[in-house]
Amino acid sequence: MTTNLLLGLLVPVGLLIAWEIAGTLGYLNPVLLPKPSSIWAELVGMTSSGELARHLGISAWRALLGFLIGGGLGLAAGIWVGFSYKTERLLDPTLQMLRTLPHLAIAPLFILWFGFGETSKLLLIAKGSFFPLYVNTFLGIRSVDSKLFDVGKVLQFSKWQMITRLILPASLPNIFLGIRLSVGVAWLGLVVAEMMGSSSGVGYLINDARSFSLTTVVFVGIIVFAVVGKLSDFVIRLIEARMLRWQDSYKGEGAK
């Protein structure tokens, strides 16, 4: 565990040291690329004042609510389409077409339709969260080993028991992958939503700092998004590990 942690820290720590040295020696423009120590000082100042916590709380709430709306609908749609070939023929082509629409193309429409309030932001986040969970849930159900259906018939399972005891548990690896991807896209959608039109949130902080060339604040916002995104992914992986203890899969050479 300790060895893995040290290996993971080796590259970023080395880059930070080289970055700090280059900035101290004057090789870097402090306006375009401030030193890590300057960014850290800005982070400490914003944390001490409570400004960062306030904006982060607003952003986290938006991301969570948007993910619950979009991810919940994506999970339900994935299950529905996965179990019905007719529904797949009816809905999947349209959903796959909508999936390719970029956030930046949709955001102006959402603002025109719903204004600059919370509705447009939540819908933009939900739109991004919907598709990863939908696609992976659908693929997970369609990838279930057909032998499980034979087992269900032998055990005389009802259709409901077949779904809840065999198909959905076998689809959980794909579903959790969809959840992880959806959470990541939710944060991406949040950034777009808050930078397009907002007066609060970490995305707003970044956009406002960009207007005044406050590069250290921009870096603070980027770091916050990276750390919170990594923490949310870590929590999901912990839940996944607990719920998929039965799964025996290849973990890579040298893994213990």
# chains A, B, ... in the order shown; residues from 1 in each chain; ligands from 1

$ residues_around --residues "Val202 (chain A)" --least-positions-apart "5" --cutoff "10 Å" --atoms "only C-alpha atoms" --output "list of chain:residue names"
A:Glu51, A:Leu52, A:Ala53, A:Arg54, A:His55, A:Leu56, A:Gly57, A:Ile58, A:Ser59, A:Ala60, A:Leu190, A:Val191, A:Glu194, A:Met195, A:Asn207, A:Asp208, A:Val217, A:Val218, A:Val220, A:Gly221, A:Ile222, A:Val224, A:Phe225

$ residues_around --residues "Trp19 (chain A)" --least-positions-apart "4" --cutoff "7 Å" --atoms "only C-alpha atoms" --output "list in words"
Leu15, Gly23 and Lys35 of chain A

$ residues_around --residues "Glu42 (chain A)" --least-positions-apart "3" --cutoff "8 Å" --atoms "only C-alpha atoms" --output "PyMOL selection string"
chain A and resi 38-39+45-46+216-217+220

$ write_last_selection --atoms "C-alpha atoms" --output "CSV table (one decimal), in the first residue's frame"
chain,number,residue,atom,x,y,z
A,38,SER,CA,2.0,31.3,-4.8
A,39,ILE,CA,-0.9,29.1,-5.7
A,45,GLY,CA,-6.0,32.6,1.9
A,46,MET,CA,-9.3,31.7,0.2
A,216,THR,CA,-3.4,31.9,-9.0
A,217,VAL,CA,-7.2,31.9,-8.4
A,220,VAL,CA,-7.0,27.1,-7.2

$ closest_residue --among "A:Ser84, A:Asn174, A:Ser200, A:Thr47" --to "Gly140 (chain A)" --atoms "only C-alpha atoms"
A:Asn174

$ closest_residue --among "A:Leu133, A:Leu181, A:Leu214, A:Ala105" --to "Gly71 (chain A)" --atoms "only C-alpha atoms"
A:Leu133

$ residues_around --residues "Leu104 (chain A)" --least-positions-apart "5" --cutoff "10 Å" --atoms "only C-alpha atoms" --output "list in words"
Leu109, Leu124, Gly189, Val192, Ala193 and Met196 of chain A

$ write_last_selection --atoms "N, CA and C atoms" --output "short mmCIF file (atom, residue, chain, number, x, y, z; two decimals), in the first residue's frame"
data_model
loop_
_atom_site.label_atom_id
_atom_site.label_comp_id
_atom_site.auth_asym_id
_atom_site.auth_seq_id
_atom_site.Cartn_x
_atom_site.Cartn_y
_atom_site.Cartn_z
N LEU A 109 -28.68 27.14 -25.58
CA LEU A 109 -30.11 26.85 -25.71
C LEU A 109 -30.78 26.73 -24.34
N LEU A 124 -28.23 20.94 -17.54
CA LEU A 124 -26.99 20.73 -18.28
C LEU A 124 -26.15 19.64 -17.62
N GLY A 189 -19.86 19.13 -16.70
CA GLY A 189 -21.06 19.91 -16.99
C GLY A 189 -21.21 21.08 -16.04
N VAL A 192 -18.96 23.98 -17.18
CA VAL A 192 -19.55 24.68 -18.32
C VAL A 192 -20.73 25.54 -17.86
N ALA A 193 -21.60 24.97 -17.02
CA ALA A 193 -22.79 25.69 -16.57
C ALA A 193 -22.42 26.94 -15.77
N MET A 196 -20.72 29.64 -18.03
CA MET A 196 -21.59 30.26 -19.03
C MET A 196 -22.45 31.36 -18.42
#

$ closest_residue --among "A:Gly178, A:Leu32, A:Phe83, A:Ser232" --to "Trp160 (chain A)" --atoms "only C-alpha atoms"
A:Phe83

$ atom_distance --atom1 "CA of Trp80 (chain A)" --atom2 "CA of Leu244 (chain A)"
23.0 Å
